[in-house]
Amino acid sequence: QVQLVESGGGLVQPGGSLRLSCAASGFSFRYYAMSWYRQAPGKERELVARISNTGSSTTYEDSVKGRFTISRDNAKNTVYLQMNSLKPDDTAVYHCNVIIRTNFWGQGTQVTVSL
């Protein structure tokens, strides 16, 4: 079965960096686009970044452009989100996502940006 396991979240000061990882299993990872979403308290889940199956194409939500970078390693079945210049508004639970006829989600990893 499809499994997505996120890691790498934590508490970081404004301006700091974190690298999230999502280990995927149960499907042919190299054939599917992958996405990172986030959900802050009281807000709807929003798309942060998406990467094509080969990694040749990426898209970003406007507020993270120039600060976040999505990448993938198809040999390791893993997708990453490098987050730099973090802001308090980036505080959220970050989820990995793949669409294979339906949406599959990981359990999420908490990112908290605070002094």
# chains A, B, ... in the order shown; residues from 1 in each chain; ligands from 1
>>> residues_around(residues="Ala23 (chain A)", least_positions_apart="5", cutoff="7 Å", atoms="only C-alpha atoms", output="list in words")
Leu4, Val5, Glu6, Asn77, Thr78 and Val79 of chain A
>>> residues_around(residues="region 48-64 of chain A", least_positions_apart="4", cutoff="12 Å", atoms="only C-alpha atoms", output="PyMOL selection string")
chain A and resi 28-39+68-75+77-87+89-90+92-99
>>> residues_around(residues="Thr112 (chain A)", least_positions_apart="4", cutoff="8 Å", atoms="only C-alpha atoms", output="PyMOL selection string")
chain A and resi 9-12+88+90-92
>>> atom_distance(atom1="CA of Glu44 (chain A)", atom2="CA of Phe104 (chain A)")
17.0 Å
>>> select_by_dssp(residues="chain A", states="strand (DSSP E or B)", output="PyMOL selection string")
chain A and resi 3-7+10-12+18-25+34-39+46-51+58-60+68-73+78-83+92-100+102-105+109-113
>>> write_last_selection(atoms="C-alpha atoms", output="short mmCIF file (atom, residue, chain, number, x, y, z; two decimals), in the first residue's frame")
data_model
loop_
_atom_site.label_atom_id
_atom_site.label_comp_id
_atom_site.auth_asym_id
_atom_site.auth_seq_id
_atom_site.Cartn_x
_atom_site.Cartn_y
_atom_site.Cartn_z
CA GLN A 3 2.98 5.00 2.39
CA LEU A 4 4.43 8.48 2.81
CA VAL A 5 6.54 9.22 5.88
CA GLU A 6 7.67 12.78 6.53
CA SER A 7 10.54 13.81 8.77
CA GLY A 10 11.10 21.07 14.33
CA LEU A 11 11.44 24.40 16.07
CA VAL A 12 13.57 27.02 14.32
CA LEU A 18 15.02 23.20 7.78
CA ARG A 19 15.07 20.32 5.33
CA LEU A 20 12.02 18.10 5.21
CA SER A 21 12.11 14.58 3.77
CA CYS A 22 9.32 12.31 2.61
CA ALA A 23 10.10 8.64 2.16
CA ALA A 24 7.66 6.94 -0.21
CA SER A 25 6.83 3.28 -0.67
CA MET A 34 5.01 14.72 -5.72
CA SER A 35 3.83 17.65 -3.67
CA TRP A 36 4.28 19.30 -0.30
CA TYR A 37 1.27 20.90 1.39
CA ARG A 38 0.98 22.68 4.71
CA GLN A 39 -1.81 23.41 7.14
CA GLU A 46 -2.47 24.78 0.96
CA LEU A 47 -0.10 23.61 -1.75
CA VAL A 48 3.49 24.69 -1.07
CA ALA A 49 5.44 23.07 -3.89
CA ARG A 50 5.14 20.39 -6.54
CA ILE A 51 7.75 18.52 -8.56
CA THR A 58 8.71 22.56 -10.20
CA THR A 59 6.04 24.97 -9.03
CA TYR A 60 5.79 26.99 -5.83
CA PHE A 68 11.93 26.98 -0.55
CA THR A 69 13.29 24.35 -2.95
CA ILE A 70 11.61 21.04 -3.73
CA SER A 71 13.73 18.18 -5.03
CA ARG A 72 13.62 14.42 -5.34
CA ASP A 73 15.87 11.40 -5.48
CA THR A 78 12.37 10.37 -1.44
CA VAL A 79 11.20 13.93 -1.98
CA TYR A 80 12.69 16.87 -0.10
CA LEU A 81 11.73 20.40 0.81
CA GLN A 82 14.60 22.72 1.64
CA MET A 83 13.24 25.70 3.54
CA ALA A 92 2.33 24.66 10.02
CA VAL A 93 2.12 20.91 9.72
CA TYR A 94 3.77 19.95 6.43
CA HIS A 95 2.38 16.98 4.50
CA CYS A 96 3.72 15.00 1.59
CA ASN A 97 1.20 14.13 -1.14
CA VAL A 98 0.87 11.93 -4.20
CA ILE A 99 -2.15 11.49 -6.44
CA ILE A 100 -2.66 7.94 -7.69
CA THR A 102 -6.92 9.53 -5.31
CA ASN A 103 -4.96 11.63 -2.84
CA PHE A 104 -2.51 9.94 -0.50
CA TRP A 105 -1.08 11.84 2.46
CA THR A 109 5.69 16.92 10.30
CA GLN A 110 5.37 20.02 12.48
CA VAL A 111 7.38 23.10 11.58
CA THR A 112 7.38 25.91 14.14
CA VAL A 113 9.15 29.20 13.42
#
>>> closest_residue(among="A:Gly42, A:Gln13, A:Val2, A:Phe27", to="Ser114 (chain A)", atoms="only C-alpha atoms")
A:Gln13
>>> decode(residues="region 19-54 of chain A", atoms="N, CA, C and O atoms", output="mmCIF file, in the first residue's frame")
data_model
loop_
_atom_site.group_PDB
_atom_site.id
_atom_site.type_symbol
_atom_site.label_atom_id
_atom_site.label_comp_id
_atom_site.auth_asym_id
_atom_site.auth_seq_id
_atom_site.Cartn_x
_atom_site.Cartn_y
_atom_site.Cartn_z
ATOM 1 N N ARG A 19 15.230 21.168 6.501
ATOM 2 C CA ARG A 19 15.072 20.316 5.329
ATOM 3 C C ARG A 19 14.130 19.185 5.682
ATOM 4 O O ARG A 19 14.444 18.367 6.548
ATOM 5 N N LEU A 20 12.993 19.161 5.019
ATOM 6 C CA LEU A 20 12.021 18.095 5.212
ATOM 7 C C LEU A 20 12.283 16.975 4.214
ATOM 8 O O LEU A 20 12.694 17.228 3.076
ATOM 9 N N SER A 21 12.002 15.755 4.642
ATOM 10 C CA SER A 21 12.107 14.583 3.773
ATOM 11 C C SER A 21 10.795 13.822 3.802
ATOM 12 O O SER A 21 10.092 13.813 4.818
ATOM 13 N N CYS A 22 10.489 13.180 2.704
ATOM 14 C CA CYS A 22 9.315 12.314 2.611
ATOM 15 C C CYS A 22 9.739 11.019 1.927
ATOM 16 O O CYS A 22 10.062 11.024 0.734
ATOM 17 N N ALA A 23 9.743 9.944 2.694
ATOM 18 C CA ALA A 23 10.096 8.636 2.159
ATOM 19 C C ALA A 23 8.832 7.939 1.674
ATOM 20 O O ALA A 23 7.870 7.783 2.442
ATOM 21 N N ALA A 24 8.838 7.542 0.407
ATOM 22 C CA ALA A 24 7.660 6.945 -0.213
ATOM 23 C C ALA A 24 7.867 5.464 -0.460
ATOM 24 O O ALA A 24 8.980 5.010 -0.740
ATOM 25 N N SER A 25 6.787 4.707 -0.377
ATOM 26 C CA SER A 25 6.828 3.279 -0.671
ATOM 27 C C SER A 25 5.455 2.818 -1.120
ATOM 28 O O SER A 25 4.456 3.512 -0.927
ATOM 29 N N GLY A 26 5.424 1.635 -1.737
ATOM 30 C CA GLY A 26 4.153 1.049 -2.139
ATOM 31 C C GLY A 26 3.672 1.436 -3.518
ATOM 32 O O GLY A 26 2.573 1.040 -3.916
ATOM 33 N N PHE A 27 4.464 2.213 -4.251
ATOM 34 C CA PHE A 27 4.108 2.579 -5.623
ATOM 35 C C PHE A 27 5.396 2.894 -6.382
ATOM 36 O O PHE A 27 6.469 3.014 -5.783
ATOM 37 N N SER A 28 5.267 3.011 -7.704
ATOM 38 C CA SER A 28 6.438 3.290 -8.548
ATOM 39 C C SER A 28 6.737 4.787 -8.506
ATOM 40 O O SER A 28 6.263 5.564 -9.336
ATOM 41 N N PHE A 29 7.513 5.153 -7.537
ATOM 42 C CA PHE A 29 7.772 6.555 -7.208
ATOM 43 C C PHE A 29 8.193 7.366 -8.428
ATOM 44 O O PHE A 29 7.735 8.494 -8.623
ATOM 45 N N ARG A 30 9.032 6.830 -9.270
ATOM 46 C CA ARG A 30 9.631 7.606 -10.362
ATOM 47 C C ARG A 30 8.624 8.025 -11.419
ATOM 48 O O ARG A 30 8.929 8.857 -12.275
ATOM 49 N N TYR A 31 7.417 7.482 -11.374
ATOM 50 C CA TYR A 31 6.408 7.802 -12.381
ATOM 51 C C TYR A 31 5.441 8.898 -11.950
ATOM 52 O O TYR A 31 4.594 9.317 -12.746
ATOM 53 N N TYR A 32 5.541 9.391 -10.704
ATOM 54 C CA TYR A 32 4.528 10.282 -10.175
ATOM 55 C C TYR A 32 5.092 11.614 -9.698
ATOM 56 O O TYR A 32 6.154 11.658 -9.057
ATOM 57 N N ALA A 33 4.349 12.673 -10.024
ATOM 58 C CA ALA A 33 4.649 13.962 -9.427
ATOM 59 C C ALA A 33 4.394 13.882 -7.917
ATOM 60 O O ALA A 33 3.538 13.119 -7.462
ATOM 61 N N MET A 34 5.140 14.678 -7.176
ATOM 62 C CA MET A 34 5.008 14.716 -5.724
ATOM 63 C C MET A 34 4.818 16.150 -5.274
ATOM 64 O O MET A 34 5.299 17.088 -5.924
ATOM 65 N N SER A 35 4.120 16.309 -4.158
ATOM 66 C CA SER A 35 3.827 17.654 -3.667
ATOM 67 C C SER A 35 4.039 17.744 -2.159
ATOM 68 O O SER A 35 3.950 16.733 -1.450
ATOM 69 N N TRP A 36 4.296 18.963 -1.725
ATOM 70 C CA TRP A 36 4.276 19.302 -0.301
ATOM 71 C C TRP A 36 3.124 20.289 -0.078
ATOM 72 O O TRP A 36 2.992 21.272 -0.822
ATOM 73 N N TYR A 37 2.321 20.011 0.946
ATOM 74 C CA TYR A 37 1.268 20.897 1.393
ATOM 75 C C TYR A 37 1.560 21.284 2.839
ATOM 76 O O TYR A 37 2.349 20.630 3.531
ATOM 77 N N ARG A 38 0.891 22.327 3.304
ATOM 78 C CA ARG A 38 0.979 22.683 4.711
ATOM 79 C C ARG A 38 -0.384 23.151 5.213
ATOM 80 O O ARG A 38 -1.214 23.632 4.443
ATOM 81 N N GLN A 39 -0.574 22.967 6.513
ATOM 82 C CA GLN A 39 -1.813 23.413 7.144
ATOM 83 C C GLN A 39 -1.486 24.053 8.473
ATOM 84 O O GLN A 39 -0.951 23.401 9.389
ATOM 85 N N ALA A 40 -1.790 25.341 8.557
ATOM 86 C CA ALA A 40 -1.595 26.088 9.800
ATOM 87 C C ALA A 40 -2.876 26.020 10.621
ATOM 88 O O ALA A 40 -3.966 25.788 10.072
ATOM 89 N N PRO A 41 -2.768 26.231 11.933
ATOM 90 C CA PRO A 41 -3.962 26.177 12.786
ATOM 91 C C PRO A 41 -5.045 27.146 12.302
ATOM 92 O O PRO A 41 -4.776 28.314 12.037
ATOM 93 N N GLY A 42 -6.267 26.624 12.143
ATOM 94 C CA GLY A 42 -7.379 27.465 11.733
ATOM 95 C C GLY A 42 -7.421 27.813 10.268
ATOM 96 O O GLY A 42 -8.284 28.585 9.834
ATOM 97 N N LYS A 43 -6.505 27.255 9.495
ATOM 98 C CA LYS A 43 -6.459 27.557 8.068
ATOM 99 C C LYS A 43 -6.615 26.283 7.250
ATOM 100 O O LYS A 43 -6.411 25.180 7.747
ATOM 101 N N GLU A 44 -6.956 26.470 5.979
ATOM 102 C CA GLU A 44 -7.086 25.332 5.082
ATOM 103 C C GLU A 44 -5.696 24.862 4.633
ATOM 104 O O GLU A 44 -4.733 25.621 4.621
ATOM 105 N N ARG A 45 -5.655 23.598 4.263
ATOM 106 C CA ARG A 45 -4.413 23.050 3.738
ATOM 107 C C ARG A 45 -4.101 23.717 2.403
ATOM 108 O O ARG A 45 -4.992 23.882 1.560
ATOM 109 N N GLU A 46 -2.837 24.100 2.195
ATOM 110 C CA GLU A 46 -2.468 24.778 0.957
ATOM 111 C C GLU A 46 -1.256 24.099 0.326
ATOM 112 O O GLU A 46 -0.378 23.564 1.012
ATOM 113 N N LEU A 47 -1.225 24.155 -1.008
ATOM 114 C CA LEU A 47 -0.095 23.611 -1.746
ATOM 115 C C LEU A 47 1.114 24.517 -1.581
ATOM 116 O O LEU A 47 1.023 25.726 -1.785
ATOM 117 N N VAL A 48 2.248 23.942 -1.225
ATOM 118 C CA VAL A 48 3.491 24.694 -1.065
ATOM 119 C C VAL A 48 4.369 24.557 -2.299
ATOM 120 O O VAL A 48 4.864 25.545 -2.838
ATOM 121 N N ALA A 49 4.560 23.319 -2.755
ATOM 122 C CA ALA A 49 5.438 23.074 -3.892
ATOM 123 C C ALA A 49 5.104 21.734 -4.522
ATOM 124 O O ALA A 49 4.616 20.823 -3.840
ATOM 125 N N ARG A 50 5.380 21.641 -5.810
ATOM 126 C CA ARG A 50 5.144 20.394 -6.545
ATOM 127 C C ARG A 50 6.320 20.159 -7.477
ATOM 128 O O ARG A 50 6.909 21.115 -8.015
ATOM 129 N N ILE A 51 6.650 18.883 -7.679
ATOM 130 C CA ILE A 51 7.754 18.521 -8.564
ATOM 131 C C ILE A 51 7.293 17.407 -9.489
ATOM 132 O O ILE A 51 6.591 16.479 -9.054
ATOM 133 N N SER A 52 7.692 17.501 -10.745
ATOM 134 C CA SER A 52 7.305 16.480 -11.713
ATOM 135 C C SER A 52 8.016 15.164 -11.422
ATOM 136 O O SER A 52 8.942 15.101 -10.606
ATOM 137 N N ASN A 53 7.612 14.113 -12.122
ATOM 138 C CA ASN A 53 8.176 12.794 -11.830
ATOM 139 C C ASN A 53 9.672 12.722 -12.088
ATOM 140 O O ASN A 53 10.406 12.027 -11.384
ATOM 141 N N THR A 54 10.153 13.478 -13.081
ATOM 142 C CA THR A 54 11.589 13.462 -13.386
ATOM 143 C C THR A 54 12.358 14.521 -12.610
ATOM 144 O O THR A 54 13.582 14.520 -12.608
#
